[in-house]
Amino acid sequence: MEEAKGLVKHVLVAKFKDDITPERIEELIKDYANLVNLIPPMKSFHWGKDLSAENMHQGFTHVFESTFESTEGVAEYVAHPAHVEYANLFLPCLEKVIVIDYKPTVVKL
């Protein structure tokens, strides 16, 4: 197995509070995606909603994945004023959240 050089994935899994409207969720997602334009080490952003038939989501509904060039890039992102401002708006809208950072590993067969 070979760990990707430098590359880091930042995954946030969330459940929004019941009183957060779909329109507000859409606005928050657009603002999250816009961080790619504001924070240089953030290279990409993808998101989606749970659609698993396995029913093992534990109530989590949304997944957000960002790609960074390095662990230092993630640290720069976390401390960046645009991220701090966004997090102060986003996190209070969540009932629960999990964040995991990892380096992708390729399995060679």
# chains A, B, ... in the order shown; residues from 1 in each chain; ligands from 1
>>> residues_around(residues="range 99-103 of chain A", least_positions_apart="4", cutoff="9 Å", atoms="only C-alpha atoms", output="short mmCIF file (atom, residue, chain, number, x, y, z; two decimals) with N, CA, C and O atoms, in the first residue's frame")
data_model
loop_
_atom_site.label_atom_id
_atom_site.label_comp_id
_atom_site.auth_asym_id
_atom_site.auth_seq_id
_atom_site.Cartn_x
_atom_site.Cartn_y
_atom_site.Cartn_z
N GLU A 3 0.87 5.42 0.57
CA GLU A 3 0.20 6.64 1.01
C GLU A 3 0.45 7.75 -0.01
O GLU A 3 1.56 7.90 -0.50
N ALA A 4 -0.60 8.50 -0.32
CA ALA A 4 -0.46 9.60 -1.27
C ALA A 4 0.51 10.64 -0.73
O ALA A 4 0.49 10.98 0.45
N LYS A 5 1.37 11.13 -1.59
CA LYS A 5 2.37 12.13 -1.19
C LYS A 5 1.69 13.44 -0.85
O LYS A 5 1.07 14.07 -1.70
N GLY A 6 1.76 13.85 0.39
CA GLY A 6 1.27 15.16 0.79
C GLY A 6 -0.24 15.31 0.88
O GLY A 6 -0.74 15.89 1.81
N LEU A 7 -0.96 14.78 -0.08
CA LEU A 7 -2.39 14.98 -0.20
C LEU A 7 -3.13 14.58 1.08
O LEU A 7 -2.85 13.54 1.67
N VAL A 8 -4.07 15.45 1.52
CA VAL A 8 -4.87 15.17 2.71
C VAL A 8 -6.34 15.42 2.39
O VAL A 8 -6.69 16.43 1.78
N LYS A 9 -7.18 14.49 2.81
CA LYS A 9 -8.63 14.63 2.69
C LYS A 9 -9.18 15.04 4.05
O LYS A 9 -8.79 14.49 5.08
N HIS A 10 -10.09 16.00 4.03
CA HIS A 10 -10.75 16.51 5.24
C HIS A 10 -12.23 16.19 5.06
O HIS A 10 -12.88 16.70 4.15
N VAL A 11 -12.74 15.29 5.90
CA VAL A 11 -14.11 14.82 5.76
C VAL A 11 -14.92 15.26 6.98
O VAL A 11 -14.51 15.03 8.12
N LEU A 12 -16.05 15.90 6.73
CA LEU A 12 -16.96 16.33 7.78
C LEU A 12 -18.29 15.64 7.51
O LEU A 12 -18.84 15.75 6.41
N VAL A 13 -18.79 14.92 8.51
CA VAL A 13 -20.08 14.24 8.41
C VAL A 13 -21.00 14.93 9.42
O VAL A 13 -20.62 15.12 10.57
N ALA A 14 -22.19 15.31 8.96
CA ALA A 14 -23.04 16.16 9.80
C ALA A 14 -24.50 15.77 9.76
O ALA A 14 -24.98 15.15 8.80
N SER A 70 -1.48 19.30 1.85
CA SER A 70 -0.62 18.80 2.92
C SER A 70 -1.33 18.95 4.27
O SER A 70 -2.35 19.64 4.37
N THR A 71 -0.76 18.34 5.31
CA THR A 71 -1.30 18.52 6.66
C THR A 71 -1.12 19.98 7.09
O THR A 71 -1.97 20.52 7.79
N VAL A 74 -4.05 21.89 5.80
CA VAL A 74 -5.24 21.74 6.65
C VAL A 74 -5.15 22.68 7.84
O VAL A 74 -6.12 23.36 8.19
#
>>> closest_atom_pairs(of="range 79-98 of chain A", to="range 36-42 of chain A", cutoff="9 Å", atoms="only C-alpha atoms", output="Markdown table")
| residue | atom | partner | partner_atom | distance |
| --- | --- | --- | --- | --- |
| A:His80 | CA | A:Ile39 | CA | 7.2 |
| A:Ala82 | CA | A:Leu38 | CA | 7.0 |
| A:His83 | CA | A:Ile39 | CA | 8.1 |
>>> select_by_dssp(residues="range 2-107 of chain A", states="strand (DSSP E)", output="ChimeraX atom specification")
/A:2-3,8-16,42-49,62-68,94-102,105-106
>>> write_last_selection(atoms="C-alpha atoms", output="PDB file, in the first residue's frame")
ATOM      1  CA  GLU A   2       1.213   3.469  -0.814  1.00  0.00           C
ATOM      2  CA  GLU A   3       0.200   6.638   1.012  1.00  0.00           C
ATOM      3  CA  VAL A   8      -4.869  15.170   2.710  1.00  0.00           C
ATOM      4  CA  LYS A   9      -8.633  14.630   2.690  1.00  0.00           C
ATOM      5  CA  HIS A  10     -10.750  16.512   5.242  1.00  0.00           C
ATOM      6  CA  VAL A  11     -14.115  14.824   5.763  1.00  0.00           C
ATOM      7  CA  LEU A  12     -16.957  16.328   7.776  1.00  0.00           C
ATOM      8  CA  VAL A  13     -20.079  14.237   8.413  1.00  0.00           C
ATOM      9  CA  ALA A  14     -23.040  16.163   9.798  1.00  0.00           C
ATOM     10  CA  LYS A  15     -26.654  16.148  10.857  1.00  0.00           C
ATOM     11  CA  PHE A  16     -28.351  19.531  10.698  1.00  0.00           C
ATOM     12  CA  MET A  42      -7.991  24.055  -0.093  1.00  0.00           C
ATOM     13  CA  LYS A  43      -7.872  22.468  -3.546  1.00  0.00           C
ATOM     14  CA  SER A  44     -11.359  20.977  -3.944  1.00  0.00           C
ATOM     15  CA  PHE A  45     -14.726  20.531  -2.250  1.00  0.00           C
ATOM     16  CA  HIS A  46     -17.436  17.906  -2.732  1.00  0.00           C
ATOM     17  CA  TRP A  47     -20.562  17.140  -0.774  1.00  0.00           C
ATOM     18  CA  GLY A  48     -23.521  14.797  -0.783  1.00  0.00           C
ATOM     19  CA  LYS A  49     -26.461  13.481   1.207  1.00  0.00           C
ATOM     20  CA  HIS A  62     -24.595  15.131   4.896  1.00  0.00           C
ATOM     21  CA  VAL A  63     -20.969  14.483   3.940  1.00  0.00           C
ATOM     22  CA  PHE A  64     -18.510  17.243   3.012  1.00  0.00           C
ATOM     23  CA  GLU A  65     -15.062  16.410   1.630  1.00  0.00           C
ATOM     24  CA  SER A  66     -12.234  18.857   0.995  1.00  0.00           C
ATOM     25  CA  THR A  67      -8.824  18.114  -0.467  1.00  0.00           C
ATOM     26  CA  PHE A  68      -5.636  19.810   0.726  1.00  0.00           C
ATOM     27  CA  LEU A  94     -25.518  21.142  13.410  1.00  0.00           C
ATOM     28  CA  GLU A  95     -27.005  18.659  15.831  1.00  0.00           C
ATOM     29  CA  LYS A  96     -23.922  16.462  15.537  1.00  0.00           C
ATOM     30  CA  VAL A  97     -20.705  16.370  13.553  1.00  0.00           C
ATOM     31  CA  ILE A  98     -17.647  14.198  12.966  1.00  0.00           C
ATOM     32  CA  VAL A  99     -14.457  15.476  11.321  1.00  0.00           C
ATOM     33  CA  ILE A 100     -11.710  13.172  10.048  1.00  0.00           C
ATOM     34  CA  ASP A 101      -8.512  14.100   8.200  1.00  0.00           C
ATOM     35  CA  TYR A 102      -6.588  11.348   6.399  1.00  0.00           C
ATOM     36  CA  THR A 105      -3.722   5.216   0.564  1.00  0.00           C
ATOM     37  CA  VAL A 106      -3.609   3.310  -2.732  1.00  0.00           C
TER      38      VAL A 106
END
>>> select_by_dssp(residues="range 28-68 of chain A", states="alpha helix (DSSP H)", output="list in words")
Leu28, Ile29, Lys30, Asp31, Tyr32, Ala33, Asn34, Leu35, Val36, Asn37 and Leu38 of chain A
>>> atom_distance(atom1="CA of Glu26 in chain A", atom2="CA of Ala87 in chain A")
15.3 Å
>>> decode(residues="range 75-99 of chain A", atoms="N, CA, C and O atoms", output="short mmCIF file (atom, residue, chain, number, x, y, z; two decimals), in the first residue's frame")
data_model
loop_
_atom_site.label_atom_id
_atom_site.label_comp_id
_atom_site.auth_asym_id
_atom_site.auth_seq_id
_atom_site.Cartn_x
_atom_site.Cartn_y
_atom_site.Cartn_z
N ALA A 75 -3.97 22.74 8.46
CA ALA A 75 -3.78 23.62 9.61
C ALA A 75 -3.98 25.08 9.21
O ALA A 75 -4.60 25.86 9.96
N GLU A 76 -3.48 25.46 8.03
CA GLU A 76 -3.68 26.83 7.54
C GLU A 76 -5.17 27.11 7.31
O GLU A 76 -5.67 28.19 7.66
N TYR A 77 -5.88 26.14 6.76
CA TYR A 77 -7.32 26.25 6.53
C TYR A 77 -8.07 26.45 7.85
O TYR A 77 -8.91 27.34 7.96
N VAL A 78 -7.77 25.61 8.84
CA VAL A 78 -8.47 25.68 10.12
C VAL A 78 -8.29 27.05 10.78
O VAL A 78 -9.23 27.59 11.37
N ALA A 79 -7.10 27.64 10.65
CA ALA A 79 -6.82 28.93 11.28
C ALA A 79 -7.21 30.13 10.43
O ALA A 79 -7.24 31.26 10.93
N HIS A 80 -7.50 29.91 9.17
CA HIS A 80 -7.78 31.01 8.24
C HIS A 80 -9.04 31.78 8.70
O HIS A 80 -10.06 31.17 9.05
N PRO A 81 -8.99 33.12 8.68
CA PRO A 81 -10.15 33.91 9.11
C PRO A 81 -11.45 33.59 8.38
O PRO A 81 -12.53 33.60 9.00
N ALA A 82 -11.39 33.25 7.10
CA ALA A 82 -12.60 32.92 6.36
C ALA A 82 -13.22 31.62 6.89
O ALA A 82 -14.45 31.50 6.99
N HIS A 83 -12.37 30.66 7.23
CA HIS A 83 -12.87 29.40 7.80
C HIS A 83 -13.44 29.62 9.19
O HIS A 83 -14.50 29.09 9.53
N VAL A 84 -12.73 30.38 10.00
CA VAL A 84 -13.20 30.66 11.37
C VAL A 84 -14.57 31.34 11.32
O VAL A 84 -15.51 30.94 12.05
N GLU A 85 -14.72 32.33 10.46
CA GLU A 85 -15.99 33.04 10.33
C GLU A 85 -17.10 32.08 9.87
O GLU A 85 -18.20 32.08 10.41
N TYR A 86 -16.78 31.26 8.87
CA TYR A 86 -17.77 30.31 8.36
C TYR A 86 -18.14 29.28 9.44
O TYR A 86 -19.32 28.99 9.64
N ALA A 87 -17.16 28.73 10.12
CA ALA A 87 -17.41 27.73 11.16
C ALA A 87 -18.32 28.28 12.25
O ALA A 87 -19.17 27.55 12.78
N ASN A 88 -18.17 29.55 12.57
CA ASN A 88 -19.01 30.17 13.59
C ASN A 88 -20.47 30.28 13.16
O ASN A 88 -21.36 30.39 14.00
N LEU A 89 -20.73 30.25 11.86
CA LEU A 89 -22.10 30.24 11.34
C LEU A 89 -22.61 28.82 11.13
O LEU A 89 -23.78 28.52 11.39
N PHE A 90 -21.73 27.94 10.67
CA PHE A 90 -22.09 26.57 10.28
C PHE A 90 -22.31 25.66 11.48
O PHE A 90 -23.35 24.99 11.59
N LEU A 91 -21.36 25.62 12.39
CA LEU A 91 -21.41 24.65 13.49
C LEU A 91 -22.64 24.79 14.39
O LEU A 91 -23.21 23.76 14.79
N PRO A 92 -23.12 25.99 14.68
CA PRO A 92 -24.34 26.08 15.50
C PRO A 92 -25.59 25.52 14.83
O PRO A 92 -26.59 25.27 15.50
N CYS A 93 -25.54 25.28 13.52
CA CYS A 93 -26.67 24.72 12.79
C CYS A 93 -26.69 23.20 12.83
O CYS A 93 -27.63 22.57 12.32
N LEU A 94 -25.65 22.60 13.41
CA LEU A 94 -25.52 21.14 13.41
C LEU A 94 -25.94 20.54 14.74
O LEU A 94 -25.62 21.06 15.81
N GLU A 95 -26.65 19.42 14.64
CA GLU A 95 -27.01 18.66 15.83
C GLU A 95 -25.82 17.81 16.26
O GLU A 95 -25.55 17.63 17.44
N LYS A 96 -25.13 17.23 15.25
CA LYS A 96 -23.92 16.46 15.54
C LYS A 96 -23.01 16.48 14.32
O LYS A 96 -23.44 16.69 13.19
N VAL A 97 -21.72 16.26 14.60
CA VAL A 97 -20.71 16.37 13.55
C VAL A 97 -19.52 15.48 13.89
O VAL A 97 -19.19 15.28 15.07
N ILE A 98 -18.90 14.93 12.86
CA ILE A 98 -17.65 14.20 12.97
C ILE A 98 -16.71 14.78 11.91
O ILE A 98 -17.13 15.02 10.77
N VAL A 99 -15.46 15.00 12.28
CA VAL A 99 -14.46 15.48 11.32
C VAL A 99 -13.28 14.51 11.36
O VAL A 99 -12.77 14.18 12.44
#
